[in-house]
Number of protein chains: 2
Amino acid sequence: MTVGTLFNPASIALVGATDKSGWSVNTFANLRLHGFAGPVHLVNPHTEVVHGERAHRTLSDLPEPVDLAYVMVPTKIVPAVLEEGARLGIRNYVVLTAGFGETGEEGRLREEELAAFSRAHGLNVLGPNGNGFINAAAGITPYGLPILPPLLRGSVGVVLQSGALASSVLTFAQARNIGLSLLTSMGNEAVVSVTDVVDYLVDDPATKVIALFLESIRHPEEFSRVARRALDAGKPIVALKIGRSGLASSTARAHTGALVGDDGVIDAAFRQLGVVRVRSLEDLIITSGLLASSGPLPGRRLGVVTPSGGASEVIADRAEDEGLELPPFAEETAARLREIVPEFGSVQNPLDVTGYVVVDRTLLSRALTIVADDPGIDTVMLLSDLPRAEPPDPAPVLRMFERSAQVIASSPRPVVIVGNVLTDIGPFARTVQERTGYPHVVGGIEHGMQAIGAAVRWSETRRTRPAPPPPVPVPIVRGPATGVWSEHRTAALLAENGLPVVPSSLARDEDAAVAAVTRFGYPVVLKAAAEDLAHKSDIGGVRLGLASPDDVRRAYREISAAIGPDVLVQPQRTGGVELLVGVVRDPAWGLVLAVGLGGVWVEVLRDSALRLLPVDAAEVRRALGELRGAKLLHGARGTEPADLDAVADVVARVAGLAEGLGDTLESLEINPLLVRGSEVEALDALVTWRT
Amino acid sequence: MTVGTLFNPASIALVGATDKSGWSVNTFANLRLHGFAGPVHLVNPHTEVVHGERAHRTLSDLPEPVDLAYVMVPTKIVPAVLEEGARLGIRNYVVLTAGFGETGEEGRLREEELAAFSRAHGLNVLGPNGNGFINAAAGITPYGLPILPPLLRGSVGVVLQSGALASSVLTFAQARNIGLSLLTSMGNEAVVSVTDVVDYLVDDPATKVIALFLESIRHPEEFSRVARRALDAGKPIVALKIGRSGLASSTARAHTGALVGDDGVIDAAFRQLGVVRVRSLEDLIITSGLLASSGPLPGRRLGVVTPSGGASEVIADRAEDEGLELPPFAEETAARLREIVPEFGSVQNPLDVTGYVVVDRTLLSRALTIVADDPGIDTVMLLSDLPRAEPPDPAPVLRMFERSAQVIASSPRPVVIVGNVLTDIGPFARTVQERTGYPHVVGGIEHGMQAIGAAVRWSETRRTRPAPPPPVPVPIVRGPATGVWSEHRTAALLAENGLPVVPSSLARDEDAAVAAVTRFGYPVVLKAAAEDLAHKSDIGGVRLGLASPDDVRRAYREISAAIGPDVLVQPQRTGGVELLVGVVRDPAWGLVLAVGLGGVWVEVLRDSALRLLPVDAAEVRRALGELRGAKLLHGARGTEPADLDAVADVVARVAGLAEGLGDTLESLEINPLLVRGSEVEALDALVTWRT
């Protein structure tokens with residue numbers, strides 16, 4: 001859906017305008033106050049004068065057709081307004097009225113009818129149950145809650161699945177002197193969806209960064225598509241996705257299901273799509289504001305310039321949290337700094353030029369110039385606050401910030417300015433920035449370090465995003481893909497499609513079991529081979545470490561008595577590290593790969609890394625690196641270090657097989673995948689089909 | 001040291017006052033601007049007029065003795081000023097001058113001399129290298145950086161080991177409309193220390209909460225003492241302790257040493273002392289402000305009232321992070337709420353009364369009244385912002401907040417008000433609060449939930465703090481307490497002092513080894529028994545699972561050939577969960593208990609819980625509950641659930657033994673302590689003495 005005309009009307013009608021409604025009062029005031037140049041018509045069938053102006057009885061009575069109708073009439077009258085508008089050729093609507101999908105079955109039906117009608121007539125409808133939008137770039141503000149002046153124009157586009165929080169976000173952005181391009185309060189998304197608006201913002205020249213507040217992602221494929229477009233366009237998406245505390249989904253059998261919580265999948269999807277996930281409204285806007293002003297940051301190495309030892313240590317703590325590096329200054333940098341930093345200071349990164357800035361107001365700028373030359377850093381971070389209050393004579397302050405702005409503008413490396421604590425940028429500070437060109441100041445060390453970390457990670461994702469993987473081959477599948485396949489059949493599926501599987505013989509009596517051992521020698525393992533046996537070992541279906549024909553015969557008799565005559569014989573493997581590799585179907589996002597270490601790691605710690613399919617081996621390697629137990633793969637506890645390239649290759653091929661199996665697959669789990677150095681081998685596996 | 005007179009002078013001299021120094025200008029302006037009623041004398045040997053007033057050449061020339069000298073003279077002249085002042089009977093000093101301990105050896109000597117002189121003459125000296133203090137409660141502001149009006153008086157006392165950040169904290173508290181009682185910038189603490197000031201604040205009737213910014217804790221015993229006094233007095237200490245990124249200390253042998261990082265010990269100490277640890281300057285002040293206004297909170301169960309579904313979900317996510325509960329409303333509460341919440345809203349906790357608050361401005365207050373009656377909640381959280389801007393006619397707004405203030409005041413349960421996002425409380429909002437008695441508003445959901453979580457945890461600590469434990473008995477120690485004791489000797493030490501240890505026989509030849517087995521039967525374990533053998537198994541000193549006399553003989557021969565003739569014979573234990581229990585000496589905090597699970601838990605995850613000694617069994621049980629692997633103790637992975645009372649009892653007695661060993665002990669480590677149900681037994685142990 002193309003929503004460009006929705007957000008750029010030249011004329012607006014407020015339908016249901018009345019002095020009795022706060023929403024009507026606010027919307028009318030907003031349009032008058034924030035620069036909307038076109039006509040605003042008021043429609044009310046019962047009153048001749050509204051908001052001090054003449055009202056019209058219906059849309060049909062307007063002197064001209066309008067580009068946008070802002071609808072505040074009672075719920076039951078909304079369809080009639082849309083019908084009348086459609087007849088008149090009005091294409092764009094904001095429906096503020098509530099009483100639709102959010103109220104239960106009857107409302108849901110009303111909303112479906114509204115959506116069907118709108119689609120049939122090609123109407124852009126924002127809402128229902130939404131406050132409208134603010135096109136700050138163009139000064140068009142059909143929005144039902146108060147907008148305090150000044151409305152700051154800028155390059156952050158904000159899309160919210162919340163009405164009340166839209167105003168909080170607006171307030172906060174203003175307090176940070178962060179200008180917006182567009183803000184939309186989506187309401188129920190009956191017609192126009194979040195992804196429609198993101199699509200628009202990706203193409204909108206006024207928008208550099210897209211900030212999202214999401215309660216749910218209704219169409220993951222659509223979301224993935226627009227997120228990839230945004231990444232390709234170099235426009236970061238920053239998202240606060242709520243509902244973290246939701247329960248894990250119950251979509252799949254065995255262990256993997258429990259590992260793939262809804263929220264874990266969203267984390268994985270966001271990471272792969274380059275969507276920056278934040279955890280607070282403050283971080284949403286602060287991170288967006290930083291990215292809008294800084295653009296991509298070239299790397300993790302910060303050179304930090306501060307006037308405070310205490311703040312330097314706070315920054316060092318937070319840099320470690322965020323995975324940012326504070327390399328020592330180059331010798332030449334240190335030598336130059338020692339010439340200007342007072343003797344009671346010490347020259348290190350983060351640099352504390354000391355409180356002597358109270359005496360020498362150029363000290364911080366001079367240190368910045370030196371640090372910005374250091375070849376070992378990627379970005380300079382300057383700790384500096386804007387003035388809180390206007391002095392009696394503002395000229396010296398303005399001159400000082402102008403000089404600083406010039407120093408920063410001539411820096412060979414990006415400079416990110418961060419204030420000490422998160423307080424408002426007041427009117428005088430805003431004036432300082434406007435008049436001197438002094439850059440954006442990020443709000444406080446705490447949120448600022450989060451924002452720098454997020455910006456660095458986004459920049460890395462953008463630089464390193466993989467080419468779309470080639471299509472996977474169609475796998476060989478023997479037999480009907482239904483129900484749950486036994487270990488034996490699953491192993492055959494893996495082996496036939498080129499994956500390494502432990503050798504195995506199916507025996508149907510004692511003699512055959514003993515004979516099978518000749519293929520690989522003692523010791524061996526015997527396992528029940530019946531179909532649909534997800535937890536063999538729990539029911540006495542597994543015997544380990546069998547070292548003689550007698551052992552094998554006894555084990556065969558016990559297993560066959562307990563479960564049935566089909567028994568697998570396999571060589572006993574020792575040593576190595578056991579991985580769990582599972583692919584399960586998430587109802588929303590499709591096939592998801594989970595990889596983790598076995599044993600306590602998965603059973604107690606739920607330590608796993610998730611990725612949406614498709615993945616390549618490089619992405620699997622990154623996933624392995626995220627595991628808390630990653631050290632074990634590097635050879636902790638005396639195990640042989642795993643060949644991570646070999647592991648990643650096998651896991652990526654398992655994922656490729658699952659992808660090739662496509663819509664028929666419910667889950668595919670290898671548990672364990674044994675890793676001994678560069679030997680990687682599936683010891684047990686289970687596939688579950690959707691039918 | 002008693003510092004009451006330092007912070008409450010009736011007359012002040014600024015020594016080294018000059019128009020050329022920003023510090024002098026600021027200090028003089030601060031005293032004039034913020035209500036200091038007494039005389040301010042200026043001392044400068046070279047100038048007759050400073051800051052537009054007559055200056056005196058020396059302290060001796062003043063027309064009267066002063067209560068406080070604020071010293072800004074060059075470093076070398078500071079001693080002369082103190083000598084002159086001491087002669088004149090001036091007891092209290094702020095030394096702003098730098099160039100002391102922070103600059104190296106020469107400065108350190110200067111500082112020692114200053115401290116020695118001050119102690120000898122009973123002088124209170126704040127600094128050197130500090131900006132002074134702000135006694136906001138009394139309007140006394142000898143402080144070297146600008147203080148923007150209004151200086152808000154309140155009940156948070158702030159002590160900072162940082163100069164520059166003192167001003168950031170002051171700014172932020174003002175932006176949150178949080179009044180201070182006292183703020184001190186400590187400087188080098190040559191004489192007056194952080195703990196001296198905390199001691200003062202514990203007794204200061206104007207102070208309810210103590211906020212600390214700490215770079216280091218120089219005297220842990222002193223810190224513990226004042227922290228306990230504060231907890232006894234019901235005054236929370238909230239602390240931002242930086243230097244989290246420091247490396248682990250290397251104070252002890254074996255595993256435990258690596259588990260006890262400096263920062264981990266501080267975490268443990270703070271938890272035991274009831275000190276609330278925060279991670280940002282914002283949280284420092286916001287948490288302090290909440291505690292100052294709310295006092296202790298009665299429990300973890302929040303009833304939340306909001307006008308926004310989106311905000312409700314953000315709150316639910318953050319409540320889970322903080323361990324806060326959002327119980328369903330009681331049936332009667334829900335029924336009453338359904339009568340007032342619009343039909344398009346749904347009644348649940350957190351409650352979204354919907355955007356209908358735009359129409360019905362009493363809706364939020366009425367919902368609050370109902371929720372506050374719910375018997376299943378401890379505290380009501382109201383999401384509501386103060387006004388950002390003053391309307392043309394403020395009277396209706398003032399009336400509305402006045403009515404809300406009355407509703408809140410009559411609530412039977414504490415009400416915590418939280419705003420949506422962290423923006424300043426501006427002049428009009430401050431006026432609203434002052435005029436209507438509307439309570440404190442916590443800054444934003446993100447920091448607000450952190451603050452509520454911290455306040456709830458502090459309140460629990462205060463309610464449940466244990467009685468001081470009884471003194472431990474003097475342990476039986478045989479032989480000289482030096483070096484490292486072998487497993488055999490350590491086991492005897494444990495057993496003699498009543499701790500459960502696996503049975504063990506020392507064998508010096510093959511026959512004795514075989515004979516020893518008769519005590520406990522096969523299978524057995526053989527271990528080298530030489531002294532000073534911390535990692536026996538790494539050098540072939542351990543043989544497990546020996547099931548016959550031949551096995552035992554072979555193992556004996558191998559071990560004795562490799563290491564020596566002394567070999568321990570022990571029964572082989574199977575099953576159960578292995579714990580590591582260590583007590584090590586932290587150079588600052590003394591003996592620290594570390595308890596964790598063995599294997600990957602300690603080697604890869606460093607999963608351990610720390611406690612300063614003394615501890616009782618209840619505290620050990622809490623520590624066990626903090627382990628990431630705690631589920632294993634409850635019987636995950638098919639193990640028998642551990643009797644946690646039995647485990648805690650043994651661990652607490654190990655800690656008691658270590659405490660009894662006192663100054664002679666460097667470390668005592670049991671690894672593993674085997675737990676099988678209610679059987680708890682040390683399988684291996686090592687003690688290291690300090691000499």
# chains A, B, ... in the order shown; residues from 1 in each chain; ligands from 1

$ interface_residues --of "chain A" --to "chain B" --cutoff "8 Å" --atoms "only C-alpha atoms" --output "VMD selection string"
chain A and resid 21 to 23 98 to 99 102 to 103 148 161 to 165 168 to 169 172 175 215 242 to 245 280 to 282 307 to 311 313 to 314 316 to 317 320 343 to 345 355 358 to 359 389 420 to 424 446 600 603 to 605 628 to 629 631 to 632 636 to 637

$ residues_around --residues "Val40 in chain B" --least-positions-apart "3" --cutoff "12 Å" --atoms "only C-alpha atoms" --output "ChimeraX atom specification"
/B:9-15,17,27-32,35-37,43,50-51,53-56,62-70,140-142

$ write_last_selection --atoms "C-alpha atoms" --output "PDB file, in the first residue's frame"
ATOM      1  CA  PRO B   9      29.361  27.227  59.918  1.00  0.00           C
ATOM      2  CA  ALA B  10      27.870  30.576  60.875  1.00  0.00           C
ATOM      3  CA  SER B  11      30.741  32.509  59.232  1.00  0.00           C
ATOM      4  CA  ILE B  12      33.057  31.715  56.337  1.00  0.00           C
ATOM      5  CA  ALA B  13      36.345  33.045  55.000  1.00  0.00           C
ATOM      6  CA  LEU B  14      37.313  32.520  51.360  1.00  0.00           C
ATOM      7  CA  VAL B  15      41.108  32.311  51.486  1.00  0.00           C
ATOM      8  CA  ALA B  17      39.682  34.779  46.863  1.00  0.00           C
ATOM      9  CA  THR B  27      31.879  30.094  45.590  1.00  0.00           C
ATOM     10  CA  PHE B  28      31.261  33.707  46.483  1.00  0.00           C
ATOM     11  CA  ALA B  29      28.218  33.903  44.186  1.00  0.00           C
ATOM     12  CA  ASN B  30      26.836  30.644  45.589  1.00  0.00           C
ATOM     13  CA  LEU B  31      27.064  31.884  49.178  1.00  0.00           C
ATOM     14  CA  ARG B  32      25.376  35.174  48.292  1.00  0.00           C
ATOM     15  CA  GLY B  35      20.764  32.112  51.422  1.00  0.00           C
ATOM     16  CA  PHE B  36      23.885  31.981  53.583  1.00  0.00           C
ATOM     17  CA  ALA B  37      23.023  34.418  56.340  1.00  0.00           C
ATOM     18  CA  VAL B  43      41.210  36.911  52.115  1.00  0.00           C
ATOM     19  CA  VAL B  50      37.736  41.179  45.454  1.00  0.00           C
ATOM     20  CA  HIS B  51      34.307  40.379  44.033  1.00  0.00           C
ATOM     21  CA  GLU B  53      34.043  43.795  48.380  1.00  0.00           C
ATOM     22  CA  ARG B  54      36.879  44.660  50.704  1.00  0.00           C
ATOM     23  CA  ALA B  55      39.418  41.858  51.075  1.00  0.00           C
ATOM     24  CA  HIS B  56      41.657  41.145  54.094  1.00  0.00           C
ATOM     25  CA  LEU B  62      39.677  39.322  59.898  1.00  0.00           C
ATOM     26  CA  PRO B  63      37.446  41.291  62.251  1.00  0.00           C
ATOM     27  CA  GLU B  64      36.256  38.042  63.894  1.00  0.00           C
ATOM     28  CA  PRO B  65      37.242  34.365  63.981  1.00  0.00           C
ATOM     29  CA  VAL B  66      35.352  32.311  61.367  1.00  0.00           C
ATOM     30  CA  ASP B  67      33.800  28.869  61.642  1.00  0.00           C
ATOM     31  CA  LEU B  68      35.013  27.695  58.231  1.00  0.00           C
ATOM     32  CA  ALA B  69      37.907  28.618  55.953  1.00  0.00           C
ATOM     33  CA  TYR B  70      37.453  27.795  52.265  1.00  0.00           C
ATOM     34  CA  ILE B 140      25.164  27.049  53.343  1.00  0.00           C
ATOM     35  CA  THR B 141      26.916  26.679  49.995  1.00  0.00           C
ATOM     36  CA  PRO B 142      30.732  26.918  50.034  1.00  0.00           C
TER      37      PRO B 142
END

$ select_by_dssp --residues "range 326-567 of chain A" --states "alpha helix (DSSP H)" --output "JSON, numbers by chain"
{"A": [331, 332, 333, 334, 335, 336, 337, 338, 339, 340, 363, 364, 365, 366, 367, 368, 369, 370, 371, 372, 395, 396, 397, 398, 399, 400, 401, 402, 403, 404, 405, 406, 407, 408, 409, 427, 428, 429, 430, 431, 432, 433, 434, 435, 436, 445, 446, 447, 448, 449, 450, 451, 452, 453, 454, 455, 456, 457, 458, 459, 460, 461, 462, 463, 464, 487, 488, 489, 490, 491, 492, 493, 494, 495, 496, 510, 511, 512, 513, 514, 515, 516, 517, 549, 550, 551, 552, 553, 554, 555, 556, 557, 558, 559, 560, 561, 562]}

$ select_by_dssp --residues "range 226-353 of chain B" --states "strand (DSSP E)" --output "PyMOL selection string"
chain B and resi 237-241+275-277+302-306+351-352

$ atom_distance --atom1 "CA of Ser548 in chain A" --atom2 "CA of Glu679 in chain A"
26.2 Å

$ residues_around --residues "Val226 in chain A" --least-positions-apart "6" --cutoff "7 Å" --atoms "only C-alpha atoms" --output "ChimeraX atom specification"
/A:195,198-199

$ write_last_selection --atoms "N, CA, C and O atoms" --output "mmCIF file, in the first residue's frame"
data_model
loop_
_atom_site.group_PDB
_atom_site.id
_atom_site.type_symbol
_atom_site.label_atom_id
_atom_site.label_comp_id
_atom_site.auth_asym_id
_atom_site.auth_seq_id
_atom_site.Cartn_x
_atom_site.Cartn_y
_atom_site.Cartn_z
ATOM 1 N N THR A 195 4.234 -1.817 8.556
ATOM 2 C CA THR A 195 5.192 -2.024 7.461
ATOM 3 C C THR A 195 4.902 -1.111 6.277
ATOM 4 O O THR A 195 5.825 -0.709 5.568
ATOM 5 N N VAL A 198 6.668 1.994 7.306
ATOM 6 C CA VAL A 198 8.128 1.843 7.204
ATOM 7 C C VAL A 198 8.553 1.895 5.735
ATOM 8 O O VAL A 198 9.543 2.548 5.384
ATOM 9 N N ASP A 199 7.799 1.224 4.879
ATOM 10 C CA ASP A 199 8.087 1.277 3.441
ATOM 11 C C ASP A 199 8.155 2.721 2.954
ATOM 12 O O ASP A 199 9.066 3.100 2.210
#

$ atom_distance --atom1 "CA of Arg301 in chain A" --atom2 "CA of Asp378 in chain A"
5.2 Å

$ closest_residue --among "A:Gly264, A:Pro150, A:Gly437, A:Pro392" --to "Leu610 in chain A" --atoms "only C-alpha atoms"
A:Gly264

$ atom_distance --atom1 "CA of Ser504 in chain A" --atom2 "CA of Ala547 in chain A"
16.4 Å

$ residues_around --residues "range 202-211 of chain B" --least-positions-apart "2" --cutoff "8 Å" --atoms "only C-alpha atoms" --output "compact mmCIF listing (two decimals) with N, CA, C and O atoms, in the first residue's frame"
# COMPACT_ATOMS: atom_id res chain seq x y z
N ALA B 137 19.93 22.03 53.23
CA ALA B 137 18.94 22.14 54.30
C ALA B 137 19.10 23.47 55.04
O ALA B 137 18.11 24.11 55.41
N GLY B 154 15.76 19.23 50.57
CA GLY B 154 15.03 17.98 50.72
C GLY B 154 15.78 17.04 51.62
O GLY B 154 16.55 17.48 52.49
N SER B 155 15.60 15.76 51.42
CA SER B 155 16.08 14.81 52.42
C SER B 155 17.05 13.79 51.85
O SER B 155 17.29 12.77 52.46
N VAL B 156 17.64 14.06 50.68
CA VAL B 156 18.66 13.15 50.15
C VAL B 156 20.03 13.76 50.41
O VAL B 156 20.31 14.89 50.00
N GLY B 157 20.86 13.02 51.12
CA GLY B 157 22.24 13.45 51.36
C GLY B 157 23.14 12.75 50.36
O GLY B 157 23.06 11.54 50.19
N VAL B 158 23.99 13.53 49.66
CA VAL B 158 24.80 12.96 48.58
C VAL B 158 26.28 13.15 48.92
O VAL B 158 26.70 14.24 49.26
N VAL B 159 27.05 12.07 48.79
CA VAL B 159 28.48 12.12 49.06
C VAL B 159 29.18 11.57 47.83
O VAL B 159 28.89 10.45 47.40
N SER B 181 19.61 17.34 51.22
CA SER B 181 19.95 17.89 52.53
C SER B 181 21.38 18.41 52.48
O SER B 181 21.64 19.57 52.79
N LEU B 182 22.30 17.54 52.03
CA LEU B 182 23.71 17.91 51.97
C LEU B 182 24.32 17.27 50.74
O LEU B 182 23.94 16.15 50.38
N VAL B 198 29.00 9.95 56.02
CA VAL B 198 27.83 9.07 56.15
C VAL B 198 27.41 8.98 57.62
O VAL B 198 26.21 9.05 57.94
N ASP B 199 28.38 8.87 58.49
CA ASP B 199 28.09 8.85 59.93
C ASP B 199 27.26 10.08 60.32
O ASP B 199 26.27 9.98 61.06
N TYR B 200 27.70 11.24 59.82
CA TYR B 200 26.98 12.48 60.11
C TYR B 200 25.55 12.43 59.56
O TYR B 200 24.59 12.79 60.24
N PHE B 213 28.48 8.25 45.51
CA PHE B 213 29.22 7.94 44.30
C PHE B 213 30.62 7.56 44.74
O PHE B 213 31.35 8.38 45.30
N ARG B 229 24.85 0.97 60.64
CA ARG B 229 24.16 2.03 61.39
C ARG B 229 23.02 2.62 60.57
O ARG B 229 21.93 2.85 61.08
N ALA B 230 23.28 2.84 59.28
CA ALA B 230 22.23 3.41 58.42
C ALA B 230 21.05 2.47 58.32
O ALA B 230 19.89 2.89 58.41
N ALA B 233 19.08 2.55 61.38
CA ALA B 233 18.32 3.80 61.49
C ALA B 233 17.21 3.89 60.45
O ALA B 233 16.46 4.86 60.44
N LYS B 235 17.67 4.33 57.27
CA LYS B 235 18.04 5.26 56.18
C LYS B 235 18.75 4.48 55.08
O LYS B 235 19.88 4.03 55.28
N PRO B 236 18.09 4.33 53.94
CA PRO B 236 18.73 3.58 52.86
C PRO B 236 20.00 4.27 52.37
O PRO B 236 20.05 5.50 52.28
N ILE B 237 21.02 3.46 52.07
CA ILE B 237 22.18 3.95 51.33
C ILE B 237 22.05 3.43 49.90
O ILE B 237 21.89 2.23 49.69
N VAL B 238 22.10 4.35 48.94
CA VAL B 238 22.08 3.99 47.52
C VAL B 238 23.45 4.35 46.97
O VAL B 238 23.93 5.45 47.22
N ALA B 239 24.09 3.41 46.27
CA ALA B 239 25.48 3.66 45.88
C ALA B 239 25.72 3.33 44.41
O ALA B 239 25.30 2.28 43.93
N LEU B 284 20.97 6.50 40.56
CA LEU B 284 21.39 6.91 41.90
C LEU B 284 20.41 7.91 42.48
O LEU B 284 19.92 7.77 43.61
N ILE B 285 20.09 8.92 41.69
CA ILE B 285 19.24 9.99 42.21
C ILE B 285 17.77 9.59 42.17
O ILE B 285 17.00 9.89 43.09
N SER B 288 17.14 7.19 45.01
CA SER B 288 17.18 7.93 46.28
C SER B 288 15.93 8.78 46.45
O SER B 288 15.35 8.85 47.54
N LEU B 291 12.97 6.53 47.40
CA LEU B 291 13.04 6.06 48.79
C LEU B 291 12.80 7.19 49.78
O LEU B 291 12.20 6.99 50.83
N ALA B 292 13.28 8.40 49.43
CA ALA B 292 13.06 9.54 50.32
C ALA B 292 11.58 9.87 50.42
O ALA B 292 11.09 10.31 51.46

$ residues_around --residues "Gly453 in chain B" --least-positions-apart "4" --cutoff "7 Å" --atoms "only C-alpha atoms" --output "list in words"
Glu322, Leu324, Met449 and Arg457 of chain B

$ write_last_selection --atoms "C-alpha atoms" --output "PDB file, in the first residue's frame"
ATOM      1  CA  GLU B 322      13.026  -6.501  38.596  1.00  0.00           C
ATOM      2  CA  LEU B 324       8.220  -7.484  40.966  1.00  0.00           C
ATOM      3  CA  MET B 449      10.845   0.251  37.669  1.00  0.00           C
ATOM      4  CA  ARG B 457      14.626  -5.199  47.905  1.00  0.00           C
TER       5      ARG B 457
END

$ residues_around --residues "Arg153 in chain A" --least-positions-apart "5" --cutoff "9 Å" --atoms "only C-alpha atoms" --output "PyMOL selection string"
chain A and resi 135-139+178-182

$ write_last_selection --atoms "N, CA and C atoms" --output "PDB file, in the first residue's frame"
ATOM      1  N   ASN A 135       3.241  14.940  10.502  1.00  0.00           N
ATOM      2  CA  ASN A 135       4.269  15.070   9.473  1.00  0.00           C
ATOM      3  C   ASN A 135       5.039  16.346   9.802  1.00  0.00           C
ATOM      4  N   ALA A 136       6.062  16.175  10.649  1.00  0.00           N
ATOM      5  CA  ALA A 136       6.778  17.359  11.135  1.00  0.00           C
ATOM      6  C   ALA A 136       7.567  18.001  10.015  1.00  0.00           C
ATOM      7  N   ALA A 137       8.085  17.173   9.112  1.00  0.00           N
ATOM      8  CA  ALA A 137       8.875  17.724   8.004  1.00  0.00           C
ATOM      9  C   ALA A 137       8.058  18.719   7.192  1.00  0.00           C
ATOM     10  N   ALA A 138       6.756  18.418   6.998  1.00  0.00           N
ATOM     11  CA  ALA A 138       5.914  19.273   6.163  1.00  0.00           C
ATOM     12  C   ALA A 138       4.968  20.153   6.971  1.00  0.00           C
ATOM     13  N   GLY A 139       5.009  20.047   8.315  1.00  0.00           N
ATOM     14  CA  GLY A 139       4.126  20.863   9.144  1.00  0.00           C
ATOM     15  C   GLY A 139       2.660  20.480   9.016  1.00  0.00           C
ATOM     16  N   ILE A 178      15.694  16.464  19.430  1.00  0.00           N
ATOM     17  CA  ILE A 178      15.746  15.549  18.291  1.00  0.00           C
ATOM     18  C   ILE A 178      14.513  15.802  17.433  1.00  0.00           C
ATOM     19  N   GLY A 179      14.741  16.220  16.222  1.00  0.00           N
ATOM     20  CA  GLY A 179      13.630  16.519  15.329  1.00  0.00           C
ATOM     21  C   GLY A 179      13.109  15.268  14.645  1.00  0.00           C
ATOM     22  N   LEU A 180      11.806  15.275  14.370  1.00  0.00           N
ATOM     23  CA  LEU A 180      11.175  14.138  13.710  1.00  0.00           C
ATOM     24  C   LEU A 180      10.838  14.500  12.268  1.00  0.00           C
ATOM     25  N   SER A 181      10.776  13.497  11.424  1.00  0.00           N
ATOM     26  CA  SER A 181      10.223  13.704  10.083  1.00  0.00           C
ATOM     27  C   SER A 181       8.725  13.407  10.130  1.00  0.00           C
ATOM     28  N   LEU A 182       8.384  12.214  10.647  1.00  0.00           N
ATOM     29  CA  LEU A 182       6.986  11.800  10.714  1.00  0.00           C
ATOM     30  C   LEU A 182       6.790  11.019  11.994  1.00  0.00           C
TER      31      LEU A 182
END

$ residues_around --residues "Leu661 in chain A" --least-positions-apart "3" --cutoff "8 Å" --atoms "only C-alpha atoms" --output "PyMOL selection string"
chain A and resi 474-475+657-658+664-665

$ write_last_selection --atoms "N, CA and C atoms" --output "PDB file, in the first residue's frame"
ATOM      1  N   VAL A 474      16.902 -29.597  -3.659  1.00  0.00           N
ATOM      2  CA  VAL A 474      15.764 -30.366  -3.148  1.00  0.00           C
ATOM      3  C   VAL A 474      16.303 -31.646  -2.510  1.00  0.00           C
ATOM      4  N   PRO A 475      15.982 -31.893  -1.239  1.00  0.00           N
ATOM      5  CA  PRO A 475      16.555 -33.068  -0.581  1.00  0.00           C
ATOM      6  C   PRO A 475      15.922 -34.366  -1.086  1.00  0.00           C
ATOM      7  N   LEU A 657      19.286 -28.427   4.729  1.00  0.00           N
ATOM      8  CA  LEU A 657      18.394 -29.576   4.537  1.00  0.00           C
ATOM      9  C   LEU A 657      16.981 -29.233   5.014  1.00  0.00           C
ATOM     10  N   ALA A 658      16.902 -28.639   6.211  1.00  0.00           N
ATOM     11  CA  ALA A 658      15.583 -28.291   6.755  1.00  0.00           C
ATOM     12  C   ALA A 658      14.866 -27.317   5.829  1.00  0.00           C
ATOM     13  N   THR A 664       6.796 -29.039   4.473  1.00  0.00           N
ATOM     14  CA  THR A 664       6.402 -30.323   5.069  1.00  0.00           C
ATOM     15  C   THR A 664       7.012 -30.521   6.450  1.00  0.00           C
ATOM     16  N   LEU A 665       8.035 -29.756   6.782  1.00  0.00           N
ATOM     17  CA  LEU A 665       8.788 -30.010   8.017  1.00  0.00           C
ATOM     18  C   LEU A 665       8.198 -29.271   9.217  1.00  0.00           C
TER      19      LEU A 665
END
